[in-house]
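Chemist: Sending over structure.csv (CSV, C-alpha atoms and all ligand atoms).
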```csv
chain,number,residue,atom,x,y,z
W,1,MET,CA,-62.7,36.8,59.8
W,2,ALA,CA,-65.6,37.5,57.4
W,3,GLY,CA,-69.2,37.0,57.8
W,4,THR,CA,-71.8,36.4,55.1
W,5,PHE,CA,-74.6,38.9,55.3
W,6,ARG,CA,-78.0,38.4,53.8
W,7,PHE,CA,-80.9,40.4,55.1
W,8,SER,CA,-84.5,39.7,56.4
W,9,PHE,CA,-87.4,41.6,57.9
W,10,GLY,CA,-90.9,40.9,58.9
W,11,PRO,CA,-94.1,42.3,57.3
W,12,TRP,CA,-94.8,44.3,60.5
W,13,ASN,CA,-91.9,46.5,59.6
W,14,ILE,CA,-93.9,48.1,56.8
W,15,SER,CA,-96.6,49.7,59.0
W,16,GLN,CA,-99.3,52.3,59.1
W,17,GLY,CA,-97.8,54.6,61.7
W,18,ALA,CA,-100.2,54.2,64.6
W,19,ASP,CA,-98.8,54.9,68.0
W,20,PRO,CA,-100.4,54.8,71.5
W,21,PHE,CA,-101.6,58.4,71.1
W,22,GLY,CA,-102.8,58.5,67.5
W,23,PRO,CA,-104.3,56.4,64.8
W,24,THR,CA,-102.8,55.1,61.6
W,25,VAL,CA,-101.5,57.8,59.1
W,26,ARG,CA,-100.8,55.6,56.1
W,27,ASP,CA,-103.0,53.1,54.3
W,28,SER,CA,-102.4,49.5,55.0
W,29,ILE,CA,-100.4,47.6,52.4
W,30,ALA,CA,-101.7,44.1,51.5
W,31,PHE,CA,-99.3,41.2,52.3
W,32,PRO,CA,-98.6,40.3,48.7
W,33,GLU,CA,-97.6,43.9,48.0
W,34,LYS,CA,-95.3,43.8,50.9
W,35,LEU,CA,-93.7,40.6,49.7
W,36,ALA,CA,-93.3,42.1,46.2
W,37,GLN,CA,-91.1,44.9,47.8
W,38,TYR,CA,-88.5,42.6,49.5
W,39,LYS,CA,-86.1,42.1,46.7
W,40,ALA,CA,-86.1,45.7,45.5
W,41,LEU,CA,-85.2,46.8,49.0
W,42,GLY,CA,-82.3,44.3,49.1
W,43,PHE,CA,-83.9,41.6,51.3
W,44,ASP,CA,-84.1,37.9,50.6
W,45,ALA,CA,-85.8,36.4,53.7
W,46,VAL,CA,-89.1,37.0,55.5
W,47,GLN,CA,-89.7,36.7,59.2
W,48,PHE,CA,-93.2,35.7,60.2
W,49,HIS,CA,-95.5,35.8,63.2
W,50,ASP,CA,-97.7,32.7,63.0
W,51,ASP,CA,-100.6,34.9,62.0
W,52,ASP,CA,-98.6,36.9,59.4
W,53,ALA,CA,-98.2,33.5,57.7
W,54,VAL,CA,-101.8,32.4,58.3
W,55,PRO,CA,-104.2,35.3,59.2
W,56,ASN,CA,-107.0,34.6,61.7
W,57,LEU,CA,-105.5,31.2,62.5
W,58,ASP,CA,-107.5,30.9,65.7
W,59,SER,CA,-110.7,30.6,63.7
W,60,LEU,CA,-109.4,28.0,61.3
W,61,SER,CA,-109.1,24.2,61.7
W,62,SER,CA,-105.5,22.8,61.9
W,63,ASP,CA,-105.9,21.4,58.4
W,64,ALA,CA,-107.0,24.7,57.0
W,65,VAL,CA,-104.0,26.4,58.7
W,66,LEU,CA,-101.5,24.0,57.2
W,67,LYS,CA,-103.1,24.3,53.8
W,68,GLN,CA,-102.7,28.1,53.9
W,69,ALA,CA,-99.1,27.7,55.1
W,70,ALA,CA,-98.4,25.3,52.2
W,71,ALA,CA,-99.9,27.9,49.7
W,72,LEU,CA,-97.7,30.6,51.2
W,73,LYS,CA,-94.6,28.3,50.8
W,74,THR,CA,-95.4,28.2,47.1
W,75,THR,CA,-95.7,32.0,46.9
W,76,LEU,CA,-92.4,32.4,48.7
W,77,ASP,CA,-90.7,29.8,46.4
W,78,ASP,CA,-92.1,31.6,43.3
W,79,SER,CA,-90.8,35.0,44.6
W,80,GLY,CA,-87.3,33.6,45.5
W,81,LEU,CA,-87.8,34.5,49.2
W,82,THR,CA,-86.7,32.3,52.1
W,83,PRO,CA,-88.8,32.0,55.3
W,84,GLU,CA,-86.4,32.8,58.2
W,85,PHE,CA,-88.6,32.0,61.2
W,86,VAL,CA,-92.1,31.7,62.6
W,87,ALA,CA,-92.9,33.5,65.9
W,88,PRO,CA,-96.1,32.6,67.8
W,89,ARG,CA,-97.8,35.9,68.6
W,90,LEU,CA,-98.8,35.5,72.2
W,91,TRP,CA,-99.7,39.0,73.1
W,92,GLU,CA,-102.8,40.1,71.3
W,93,ASP,CA,-105.5,37.5,72.0
W,94,PRO,CA,-107.6,38.1,75.1
W,95,ARG,CA,-106.3,34.7,76.5
W,96,THR,CA,-102.8,36.3,76.6
W,97,ILE,CA,-103.7,39.3,78.7
W,98,ASP,CA,-101.8,37.9,81.7
W,99,GLY,CA,-99.0,36.4,79.6
W,100,GLY,CA,-98.8,33.2,77.6
W,101,TYR,CA,-96.8,30.4,79.3
W,102,THR,CA,-96.8,32.3,82.6
W,103,SER,CA,-100.5,33.3,82.7
W,104,ASN,CA,-102.1,32.5,86.1
W,105,ASP,CA,-105.0,30.9,84.3
W,106,ALA,CA,-104.4,27.3,83.3
W,107,SER,CA,-106.7,27.4,80.3
W,108,CYS,CA,-104.9,30.5,79.0
W,109,ARG,CA,-101.5,28.7,79.4
W,110,ALA,CA,-102.9,25.8,77.4
W,111,TYR,CA,-103.9,28.2,74.7
W,112,ALA,CA,-100.4,29.6,74.5
W,113,ARG,CA,-98.8,26.1,74.4
W,114,ASP,CA,-101.2,24.8,71.7
W,115,ARG,CA,-100.7,28.0,69.6
W,116,SER,CA,-96.9,27.5,69.9
W,117,LEU,CA,-97.1,23.9,68.8
W,118,GLN,CA,-99.1,25.0,65.8
W,119,ALA,CA,-96.4,27.6,65.0
W,120,VAL,CA,-94.0,24.7,64.8
W,121,ASP,CA,-96.3,23.0,62.3
W,122,ILE,CA,-96.5,26.2,60.3
W,123,ALA,CA,-92.7,26.6,60.3
W,124,ASN,CA,-92.4,23.0,59.0
W,125,ALA,CA,-95.0,23.7,56.3
W,126,LEU,CA,-93.1,26.9,55.2
W,127,GLY,CA,-89.8,25.0,55.3
W,128,THR,CA,-87.9,26.7,58.2
W,129,ASP,CA,-86.6,25.0,61.3
W,130,LEU,CA,-86.5,28.2,63.4
W,131,ILE,CA,-89.0,29.4,65.9
W,132,VAL,CA,-88.5,32.8,67.6
W,133,LEU,CA,-90.0,33.5,71.0
W,134,TRP,CA,-90.4,37.1,71.9
W,135,LEU,CA,-91.8,36.5,75.4
W,136,ALA,CA,-93.8,39.7,75.3
W,137,ARG,CA,-96.1,39.3,78.3
W,138,GLU,CA,-94.1,36.8,80.3
W,139,GLY,CA,-93.5,39.1,83.2
W,140,THR,CA,-95.5,41.3,85.6
W,141,TYR,CA,-96.7,44.8,86.3
W,142,VAL,CA,-96.5,44.1,90.0
W,143,ARG,CA,-94.0,41.6,91.5
W,144,GLU,CA,-96.5,39.9,93.7
W,145,ALA,CA,-98.7,38.8,90.8
W,146,LYS,CA,-96.6,35.8,89.8
W,147,ASP,CA,-93.8,33.7,91.3
W,148,SER,CA,-90.6,34.3,89.3
W,149,LYS,CA,-89.2,30.8,89.9
W,150,ARG,CA,-92.4,29.1,88.8
W,151,ALA,CA,-92.6,31.4,85.8
W,152,VAL,CA,-89.2,30.3,84.6
W,153,GLU,CA,-90.2,26.7,85.0
W,154,GLN,CA,-93.4,27.4,83.0
W,155,ILE,CA,-91.4,28.9,80.2
W,156,VAL,CA,-89.1,25.8,80.2
W,157,GLU,CA,-92.1,23.5,80.1
W,158,ALA,CA,-93.5,25.4,77.1
W,159,VAL,CA,-90.1,25.2,75.3
W,160,ASP,CA,-89.9,21.5,76.1
W,161,ALA,CA,-93.3,20.9,74.7
W,162,MET,CA,-92.2,22.5,71.4
W,163,LEU,CA,-88.9,20.5,71.3
W,164,ALA,CA,-90.8,17.3,71.9
W,165,HIS,CA,-93.4,18.2,69.2
W,166,ASP,CA,-90.7,18.2,66.5
W,167,LYS,CA,-87.3,16.7,66.7
W,168,ASN,CA,-85.6,19.2,64.3
W,169,ILE,CA,-87.1,22.5,65.4
W,170,ARG,CA,-84.7,25.1,67.0
W,171,ILE,CA,-86.0,27.8,69.3
W,172,ALA,CA,-84.4,31.3,69.4
W,173,ILE,CA,-85.5,33.4,72.4
W,174,GLU,CA,-85.6,37.1,71.8
W,175,PRO,CA,-85.0,38.7,75.2
W,176,LYS,CA,-86.4,42.1,76.1
W,177,PRO,CA,-86.3,43.7,79.6
W,178,ASN,CA,-89.6,45.6,79.6
W,179,GLU,CA,-92.5,46.9,77.5
W,180,PRO,CA,-95.2,45.9,77.4
W,181,MET,CA,-94.4,44.6,80.9
W,182,ASP,CA,-92.8,46.5,83.8
W,183,HIS,CA,-90.2,43.7,84.0
W,184,THR,CA,-89.9,40.5,82.1
W,185,TYR,CA,-88.5,37.1,83.2
W,186,ILE,CA,-86.0,36.8,80.3
W,187,PRO,CA,-84.5,40.3,79.9
W,188,THR,CA,-81.1,39.5,78.4
W,189,ILE,CA,-79.3,37.0,76.2
W,190,GLY,CA,-77.6,35.5,79.3
W,191,HIS,CA,-81.0,34.7,80.7
W,192,ALA,CA,-82.1,33.2,77.4
W,193,ILE,CA,-79.1,30.9,77.2
W,194,GLY,CA,-79.4,30.0,80.9
W,195,LEU,CA,-83.1,29.1,80.3
W,196,GLY,CA,-82.0,26.9,77.4
W,197,LEU,CA,-79.8,24.9,79.7
W,198,LEU,CA,-82.9,24.0,81.8
W,199,THR,CA,-84.6,22.5,78.8
W,200,SER,CA,-84.7,18.9,77.6
W,201,ASP,CA,-82.3,19.7,74.6
W,202,PRO,CA,-80.2,22.8,75.2
W,203,SER,CA,-78.5,22.3,71.8
W,204,ARG,CA,-81.8,23.4,70.1
W,205,VAL,CA,-82.4,26.5,72.2
W,206,GLY,CA,-80.5,29.7,71.3
W,207,GLY,CA,-81.2,33.4,70.9
W,208,LEU,CA,-82.1,36.4,68.8
W,209,ILE,CA,-80.6,39.7,69.9
W,210,GLU,CA,-82.3,42.9,69.2
W,211,SER,CA,-80.2,46.0,69.5
W,212,ALA,CA,-82.9,48.2,71.1
W,213,HIS,CA,-83.7,45.5,73.7
W,214,ALA,CA,-80.1,45.2,74.8
W,215,ILE,CA,-79.9,49.0,75.1
W,216,LEU,CA,-83.2,49.1,77.1
W,217,ALA,CA,-81.5,46.6,79.5
W,218,GLY,CA,-78.6,49.1,79.9
W,219,LEU,CA,-76.2,46.9,77.9
W,220,ASP,CA,-74.1,47.3,74.8
W,221,PRO,CA,-75.7,45.2,72.0
W,222,SER,CA,-72.3,44.2,70.5
W,223,ASP,CA,-71.2,42.8,73.9
W,224,GLU,CA,-74.5,40.9,74.1
W,225,MET,CA,-73.8,39.5,70.6
W,226,GLY,CA,-70.3,38.5,71.7
W,227,TYR,CA,-71.7,36.7,74.7
W,228,ALA,CA,-74.1,34.7,72.4
W,229,LEU,CA,-71.4,34.1,69.8
W,230,ALA,CA,-69.1,32.6,72.5
W,231,HIS,CA,-71.9,30.1,73.2
W,232,ASN,CA,-72.7,29.5,69.5
W,233,LYS,CA,-76.2,30.7,70.3
W,234,LEU,CA,-76.6,33.8,68.0
W,235,TRP,CA,-79.1,32.4,65.6
W,236,SER,CA,-80.6,35.7,64.5
W,237,VAL,CA,-80.5,39.4,65.2
W,238,HIS,CA,-82.9,42.3,65.1
W,239,LEU,CA,-80.8,45.3,64.3
W,240,ASN,CA,-82.2,48.8,65.0
W,241,ASP,CA,-81.4,51.7,67.2
W,242,GLN,CA,-82.7,53.3,70.4
W,243,ASN,CA,-82.4,56.8,71.9
W,244,GLY,CA,-82.0,56.2,75.6
W,245,LEU,CA,-84.2,54.5,78.2
W,246,LYS,CA,-87.7,55.0,77.0
W,247,PHE,CA,-90.3,53.1,74.9
W,248,ASP,CA,-88.9,50.6,72.4
W,249,GLN,CA,-88.3,52.8,69.3
W,250,ASP,CA,-87.0,50.5,66.6
W,251,LYS,CA,-85.2,53.3,65.0
W,252,ALA,CA,-83.2,52.8,61.8
W,253,PHE,CA,-79.9,51.0,62.4
W,254,GLY,CA,-77.1,53.4,63.3
W,255,SER,CA,-79.4,56.4,63.4
W,256,VAL,CA,-78.7,57.3,67.1
W,257,ASP,CA,-75.3,55.9,67.7
W,258,LEU,CA,-73.2,55.1,64.7
W,259,ARG,CA,-70.3,53.8,66.7
W,260,ARG,CA,-72.6,51.4,68.7
W,261,ALA,CA,-73.9,50.2,65.3
W,262,PHE,CA,-70.4,49.8,64.0
W,263,ASN,CA,-69.4,47.6,66.9
W,264,GLN,CA,-72.4,45.3,66.2
W,265,VAL,CA,-71.4,44.9,62.5
W,266,ARG,CA,-67.7,44.4,63.6
W,267,ILE,CA,-68.4,41.7,66.1
W,268,LEU,CA,-70.7,39.8,63.6
W,269,ASP,CA,-68.1,40.1,60.9
W,270,LYS,CA,-65.2,39.2,63.1
W,271,HIS,CA,-66.8,35.9,64.2
W,272,ASP,CA,-68.2,34.8,60.8
W,273,TYR,CA,-71.8,35.5,61.5
W,274,GLY,CA,-74.0,34.2,58.7
W,275,ASN,CA,-71.6,31.6,57.3
W,276,ASP,CA,-73.9,29.0,58.7
W,277,GLY,CA,-77.0,30.5,57.1
W,278,ALA,CA,-78.1,32.9,59.9
W,279,TRP,CA,-79.8,36.0,58.6
W,280,VAL,CA,-79.3,39.7,59.4
W,281,GLY,CA,-82.8,40.7,60.5
W,282,LEU,CA,-83.8,44.4,60.8
W,283,ASP,CA,-86.6,45.2,63.2
W,284,VAL,CA,-87.1,48.8,62.3
W,285,LYS,CA,-90.1,51.1,62.2
W,286,ALA,CA,-90.7,54.0,59.8
W,287,MET,CA,-91.2,57.4,61.5
W,288,ARG,CA,-94.9,58.3,61.8
W,289,THR,CA,-94.2,61.4,59.8
W,290,GLN,CA,-93.1,59.5,56.8
W,291,LYS,CA,-95.6,59.7,53.8
W,292,ALA,CA,-96.9,56.6,52.1
W,293,GLY,CA,-94.7,55.7,49.2
W,294,VAL,CA,-91.5,56.5,51.0
W,295,ALA,CA,-92.3,54.5,54.2
W,296,THR,CA,-89.9,51.7,53.4
W,297,LYS,CA,-86.7,53.8,53.5
W,298,HIS,CA,-86.0,52.8,57.1
W,299,LEU,CA,-85.4,49.3,55.8
W,300,SER,CA,-83.2,50.0,52.8
W,301,ASN,CA,-81.4,52.7,54.7
W,302,SER,CA,-80.6,50.4,57.6
W,303,ARG,CA,-79.2,47.8,55.3
W,304,GLU,CA,-77.1,50.5,53.5
W,305,VAL,CA,-75.7,51.7,56.8
W,306,PHE,CA,-74.9,48.1,57.8
W,307,LEU,CA,-73.0,47.6,54.6
W,308,ALA,CA,-71.2,50.9,54.9
W,309,LEU,CA,-70.1,50.1,58.4
W,310,LEU,CA,-68.9,46.7,57.2
W,311,ASP,CA,-66.7,48.6,54.7
W,312,VAL,CA,-65.4,50.8,57.5
W,313,SER,CA,-64.6,47.7,59.7
W,314,ARG,CA,-62.9,45.8,56.9
W,315,SER,CA,-60.8,48.8,55.8
W,316,LEU,CA,-59.3,49.3,59.3
W,317,ASP,CA,-55.6,48.9,59.6
W,318,GLU,CA,-55.7,45.9,61.9
W,319,SER,CA,-51.9,45.7,62.5
W,320,LYS,CA,-52.0,49.4,63.6
W,321,MET,CA,-54.8,48.6,65.9
W,322,ASP,CA,-53.0,45.6,67.3
W,323,ALA,CA,-49.9,47.8,67.9
W,324,LEU,CA,-52.0,50.4,69.8
W,325,ILE,CA,-53.6,47.6,71.8
W,326,THR,CA,-50.2,46.2,72.7
W,327,GLU,CA,-49.0,49.7,73.7
W,328,ARG,CA,-52.3,50.1,75.7
W,329,ASP,CA,-52.7,53.4,73.8
W,330,TYR,CA,-56.5,53.3,73.8
W,331,GLU,CA,-56.8,57.1,73.4
W,332,GLU,CA,-55.2,56.7,70.0
W,333,LEU,CA,-57.3,53.6,69.2
W,334,ASP,CA,-60.4,55.7,70.1
W,335,LEU,CA,-59.4,58.4,67.7
W,336,LEU,CA,-58.5,55.9,65.0
W,337,ILE,CA,-62.1,54.5,65.1
W,338,MET,CA,-63.7,58.0,65.2
W,339,LYS,CA,-61.7,59.1,62.2
W,340,ALA,CA,-62.6,55.9,60.3
W,341,LEU,CA,-66.3,56.7,61.1
W,342,LEU,CA,-65.8,60.2,60.0
W,343,GLY,CA,-64.2,59.1,56.7
W,344,ARG,CA,-60.9,60.9,57.5
I,401,LIG,C1,-90.9,43.8,70.1
I,401,LIG,C2,-90.2,42.8,69.3
I,401,LIG,C3,-91.0,42.2,68.2
I,401,LIG,C4,-90.5,40.8,67.8
I,401,LIG,C5,-91.4,40.1,66.8
I,401,LIG,C6,-90.8,38.8,66.5
I,401,LIG,O1,-90.4,44.5,70.9
I,401,LIG,O2,-89.0,43.2,68.9
I,401,LIG,O3,-91.0,43.0,67.1
I,401,LIG,O4,-89.2,40.9,67.3
I,401,LIG,O5,-92.6,40.0,67.4
I,401,LIG,O6,-91.1,37.9,67.4
I,402,MG,MG,-87.6,42.3,67.6
```
Step by step, read the file and then write its structure as structure tokens.
Ligand code: GLO
Ligand code: MG
Modeler:
Amino acid sequence: MAGTFRFSFGPWNISQGADPFGPTVRDSIAFPEKLAQYKALGFDAVQFHDDDAVPNLDSLSSDAVLKQAAALKTTLDDSGLTPEFVAPRLWEDPRTIDGGYTSNDASCRAYARDRSLQAVDIANALGTDLIVLWLAREGTYVREAKDSKRAVEQIVEAVDAMLAHDKNIRIAIEPKPNEPMDHTYIPTIGHAIGLGLLTSDPSRVGGLIESAHAILAGLDPSDEMGYALAHNKLWSVHLNDQNGLKFDQDKAFGSVDLRRAFNQVRILDKHDYGNDGAWVGLDVKAMRTQKAGVATKHLSNSREVFLALLDVSRSLDESKMDALITERDYEELDLLIMKALLGR
């Protein structure tokens, strides 16, 4: 029982503080400046949307896209940073208004598929075999707009196209139950793993679990992680926190419910997460109130809290816990954990 924990985040996690009700409050930070901060914050890998890696890719030829990706690989190598994954961003272009793979417009579906295949090419050029699919708009605002059975088939067809495009690529689906959609078709890790079974190569389809997304589905993130671990399908995580059932908050890890965070760390450590090279990703957002210059603390703080909770988990008296479990004295077990979290 011991995982290996190395940390990653995506450049979108250093942001300007815009929200749906107000504009940005911090200057934008250029991508090279963001990259320069990774190591000092304690992070060794970068998560990419396809257009984080190659900005404005829709206006470039395939050759130009691959050339830029190759140049980025050199920059990453020079900075000692590893690319963890590439995620096709299928939620901003006008052709993705009605979804990507499940859009009701065939030409928009073709755009989503082609862009996903290009994301695979970018991943190859960067030197990672992992694609993440956050299926942002694969859902509906009204049930009658799409056929849910057909939608699942369409997502499977898109995944199959990516698997056929490259024989080594692995696809981790990041489930989320809502936002921006009212309901999505792949809301939990069970759905993601089930979808994988419908594809042409289930061994290359897994999942990424985000704490807040599990909480929004009314589930405990550590139990979702355990479910994925039991299937050998936990290929990445997006740790963060969430205060109840509202918009996706991406709060710093552990900042709402320390015990819920502790249990995520504990299940990962208990089952050797990371020993196969998987990263601990943090998908956290700085508070809008945070001034420029100190707007990366949510990242380093989340990592610090993860490592502190790891210490707590590893310092527990496991034989005492086992004895309480045998006695079925869960009240005492409960207190033991609370005292450990309180440092008493
Ligand atoms: C939004 C998601 C988003 C993804 C990212 C990577 O709710 O968490 O941040 O993780 O786009 O695909
Ligand atoms: Mg996420």
Chemist: Which is closest to Val280 in chain W among W:Asn56, W:Ser103, W:Asn13, W:Thr4, if we use all atoms listed in the file?
Modeler: W:Thr4
Chemist: Let me have the centre and edge lengths of the axis-aligned box enclosing all listed atoms of ligand LIG 401 (chain I) with 8 Å padding on every side, in Å to one decimal, as AutoDock Vina command-line options.
Modeler:
```
--center_x -90.8 --center_y 41.2 --center_z 68.7 --size_x 19.6 --size_y 22.6 --size_z 20.4
```
Chemist: Write out as a ChimeraX atom specification which residues come within 8 Å of range 149-160 of chain W when counting only C-alpha atoms, dropping same-chain ones fewer than 6 positions away.
Modeler: /W:101-102,113,138,171,185,195-196,198-201
Chemist: Can I get the residues of chain W within 10 Å of ligand LIG 401 (chain I), each with the closest pair of atoms and their distance in Å to one decimal, using all atoms listed in the file, sorted chain first then ascending number, as a Markdown table?
Modeler:
```
| residue | atom | partner | partner_atom | distance |
| --- | --- | --- | --- | --- |
| W:Phe9 | CA | I:LIG401 | O4 | 9.6 |
| W:Gly10 | CA | I:LIG401 | C6 | 7.9 |
| W:Trp12 | CA | I:LIG401 | O3 | 7.7 |
| W:Asn13 | CA | I:LIG401 | O3 | 8.3 |
| W:Gln47 | CA | I:LIG401 | C6 | 7.7 |
| W:Phe48 | CA | I:LIG401 | C6 | 7.4 |
| W:His49 | CA | I:LIG401 | O6 | 6.4 |
| W:Asp50 | CA | I:LIG401 | O6 | 9.5 |
| W:Phe85 | CA | I:LIG401 | C6 | 8.9 |
| W:Val86 | CA | I:LIG401 | O6 | 7.9 |
| W:Ala87 | CA | I:LIG401 | O6 | 5.0 |
| W:Pro88 | CA | I:LIG401 | O6 | 7.3 |
| W:Arg89 | CA | I:LIG401 | O5 | 6.7 |
| W:Leu90 | CA | I:LIG401 | O5 | 9.0 |
| W:Trp91 | CA | I:LIG401 | O5 | 9.2 |
| W:Ile131 | CA | I:LIG401 | O6 | 8.9 |
| W:Val132 | CA | I:LIG401 | O6 | 5.7 |
| W:Leu133 | CA | I:LIG401 | O6 | 5.8 |
| W:Trp134 | CA | I:LIG401 | O6 | 4.6 |
| W:Leu135 | CA | I:LIG401 | O6 | 8.2 |
| W:Ala136 | CA | I:LIG401 | C1 | 7.2 |
| W:Ala172 | CA | I:LIG401 | O6 | 9.6 |
| W:Ile173 | CA | I:LIG401 | O6 | 8.8 |
| W:Glu174 | CA | I:LIG401 | O4 | 6.9 |
| W:Pro175 | CA | I:LIG401 | O2 | 8.7 |
| W:Lys176 | CA | I:LIG401 | O1 | 7.0 |
| W:Pro177 | CA | I:LIG401 | O1 | 9.7 |
| W:Asn178 | CA | I:LIG401 | O1 | 8.8 |
| W:Glu179 | CA | I:LIG401 | O1 | 7.3 |
| W:Pro180 | CA | I:LIG401 | O1 | 8.2 |
| W:Leu208 | CA | I:LIG401 | O4 | 8.5 |
| W:Ile209 | CA | I:LIG401 | O4 | 9.1 |
| W:Glu210 | CA | I:LIG401 | O2 | 6.7 |
| W:Ser211 | CA | I:LIG401 | O2 | 9.3 |
| W:Ala212 | CA | I:LIG401 | O2 | 8.2 |
| W:His213 | CA | I:LIG401 | O1 | 7.3 |
| W:Val237 | CA | I:LIG401 | O4 | 9.1 |
| W:His238 | CA | I:LIG401 | O4 | 6.8 |
| W:Leu239 | CA | I:LIG401 | O2 | 9.6 |
| W:Asn240 | CA | I:LIG401 | O2 | 9.6 |
| W:Phe247 | CA | I:LIG401 | O1 | 9.5 |
| W:Asp248 | CA | I:LIG401 | O1 | 6.5 |
| W:Gln249 | CA | I:LIG401 | O1 | 8.7 |
| W:Asp250 | CA | I:LIG401 | O2 | 7.9 |
| W:Gly281 | CA | I:LIG401 | O4 | 9.3 |
| W:Leu282 | CA | I:LIG401 | O4 | 9.1 |
| W:Asp283 | CA | I:LIG401 | O3 | 6.3 |
| W:Val284 | CA | I:LIG401 | O3 | 8.5 |
| W:Lys285 | CA | I:LIG401 | O3 | 9.5 |
```
Chemist: For a quick check of understanding, using only C-alpha atoms, which of W:Phe306, W:Tyr141, W:Tyr227, W:Phe43 has the smallest distance to His191 in chain W?
Modeler: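 Residue with the minimum atom-to-atom distance to His191 in chain W: W:Tyr227.
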Chemist: Would you compute the distance between CA of Asp114 in chain W and CA of Ser62 in chain W? Give it in Å to one decimal.
Modeler: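 A separation of 10.9 Å between them.
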Chemist: Could you check the closest approach to Ala192 in chain W for each of W:Ala161, W:Leu234, W:Ile29, W:Ala123 and tell me which residue wins, using all atoms listed in the file?
Modeler: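 Using all atoms listed in the file, Ala192 in chain W sits closest to W:Leu234.
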Chemist: (-100.5, 29.8, 57.6) in this file's frame - what residues fall within 8 Å of it? Use all atoms listed in the file and give the answer as a PyMOL selection string.
Modeler: chain W and resi 50-55+57+65-70+72+122
Chemist: Do you have the CA of Thr75 in chain W-CA of Gly127 in chain W distance handy?
Modeler: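 Spanning CA of Thr75 in chain W to CA of Gly127 in chain W is a straight-line distance of 12.4 Å.
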Chemist: Would you mind reading off the distance between CA of Met181 in chain W and CA of Gly206 in chain W, one decimal, in Å?
Modeler: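 A separation of 22.5 Å between them.
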Chemist: Counting only C-alpha atoms, figure out which residue out of W:Val294, W:Ala40, W:Ala217, W:Ile97 gets nearest to Arg109 in chain W.
Modeler: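 Residue with the minimum atom-to-atom distance to Arg109 in chain W: W:Ile97.
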Chemist: Taking all atoms listed in the file into account, name the residue in W:Ser236, W:Ser222, W:Ser203, W:Ser15 that is nearest to ligand MG 402 (chain I).
Modeler: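 The closest residue to ligand MG 402 (chain I) is W:Ser236.
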Chemist: Please determine, counting all atoms listed in the file, which residue among W:Asp276, W:Asp166, W:Asp121, W:Asp241 has the shortest atom-to-atom distance to ligand MG 402 (chain I).
Modeler: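 Result for the nearest residue to ligand MG 402 (chain I): W:Asp241.
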Chemist: Given the point (-80.2, 55.0, 81.1) in the coordinates of this file, which residues lie within 7 Å, counting all atoms listed in the file, and how would they look as a list in words?
Modeler: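 All residues meeting the 7 Å criterion around (-80.2, 55.0, 81.1) are Gly218, Gly244 and Leu245 of chain W.
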Chemist: Could you give me, as a PyMOL selection string, the residues within 12 Å of Asp27 in chain W, counting all atoms listed in the file and dropping anything in the same chain fewer than 5 positions from it?
Modeler: chain W and resi 14-18+291-293+295
Chemist: Because some atoms of range 233-241 of chain W are absent here, can you restore N, CA, C and O atoms and send them as a PDB file, in the frame of the given file?
Modeler:
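What landed in part_23.pdb:
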```pdb
ATOM      1  N   LYS W 233     -74.710  30.638  70.109  1.00  0.00           N
ATOM      2  CA  LYS W 233     -76.200  30.700  70.300  1.00  0.00           C
ATOM      3  C   LYS W 233     -76.767  31.957  69.587  1.00  0.00           C
ATOM      4  O   LYS W 233     -77.925  32.284  69.831  1.00  0.00           O
ATOM      5  N   LEU W 234     -75.976  32.623  68.728  1.00  0.00           N
ATOM      6  CA  LEU W 234     -76.600  33.800  68.000  1.00  0.00           C
ATOM      7  C   LEU W 234     -77.177  33.308  66.734  1.00  0.00           C
ATOM      8  O   LEU W 234     -76.507  33.211  65.707  1.00  0.00           O
ATOM      9  N   TRP W 235     -78.460  33.027  66.781  1.00  0.00           N
ATOM     10  CA  TRP W 235     -79.100  32.400  65.600  1.00  0.00           C
ATOM     11  C   TRP W 235     -79.893  33.408  64.789  1.00  0.00           C
ATOM     12  O   TRP W 235     -80.340  33.083  63.699  1.00  0.00           O
ATOM     13  N   SER W 236     -80.070  34.619  65.289  1.00  0.00           N
ATOM     14  CA  SER W 236     -80.600  35.700  64.500  1.00  0.00           C
ATOM     15  C   SER W 236     -80.381  37.016  65.221  1.00  0.00           C
ATOM     16  O   SER W 236     -80.028  36.999  66.411  1.00  0.00           O
ATOM     17  N   VAL W 237     -80.565  38.111  64.518  1.00  0.00           N
ATOM     18  CA  VAL W 237     -80.500  39.400  65.200  1.00  0.00           C
ATOM     19  C   VAL W 237     -81.625  40.294  64.672  1.00  0.00           C
ATOM     20  O   VAL W 237     -82.182  40.049  63.596  1.00  0.00           O
ATOM     21  N   HIS W 238     -81.976  41.261  65.495  1.00  0.00           N
ATOM     22  CA  HIS W 238     -82.900  42.300  65.100  1.00  0.00           C
ATOM     23  C   HIS W 238     -82.160  43.622  65.273  1.00  0.00           C
ATOM     24  O   HIS W 238     -82.143  44.202  66.358  1.00  0.00           O
ATOM     25  N   LEU W 239     -81.513  44.065  64.203  1.00  0.00           N
ATOM     26  CA  LEU W 239     -80.800  45.300  64.300  1.00  0.00           C
ATOM     27  C   LEU W 239     -81.709  46.497  64.205  1.00  0.00           C
ATOM     28  O   LEU W 239     -82.649  46.500  63.404  1.00  0.00           O
ATOM     29  N   ASN W 240     -81.428  47.489  65.042  1.00  0.00           N
ATOM     30  CA  ASN W 240     -82.200  48.800  65.000  1.00  0.00           C
ATOM     31  C   ASN W 240     -81.422  49.727  65.898  1.00  0.00           C
ATOM     32  O   ASN W 240     -80.268  49.483  66.251  1.00  0.00           O
ATOM     33  N   ASP W 241     -82.068  50.825  66.279  1.00  0.00           N
ATOM     34  CA  ASP W 241     -81.400  51.700  67.200  1.00  0.00           C
ATOM     35  C   ASP W 241     -82.417  52.301  68.198  1.00  0.00           C
ATOM     36  O   ASP W 241     -83.639  52.176  67.989  1.00  0.00           O
TER      37      ASP W 241
END
```
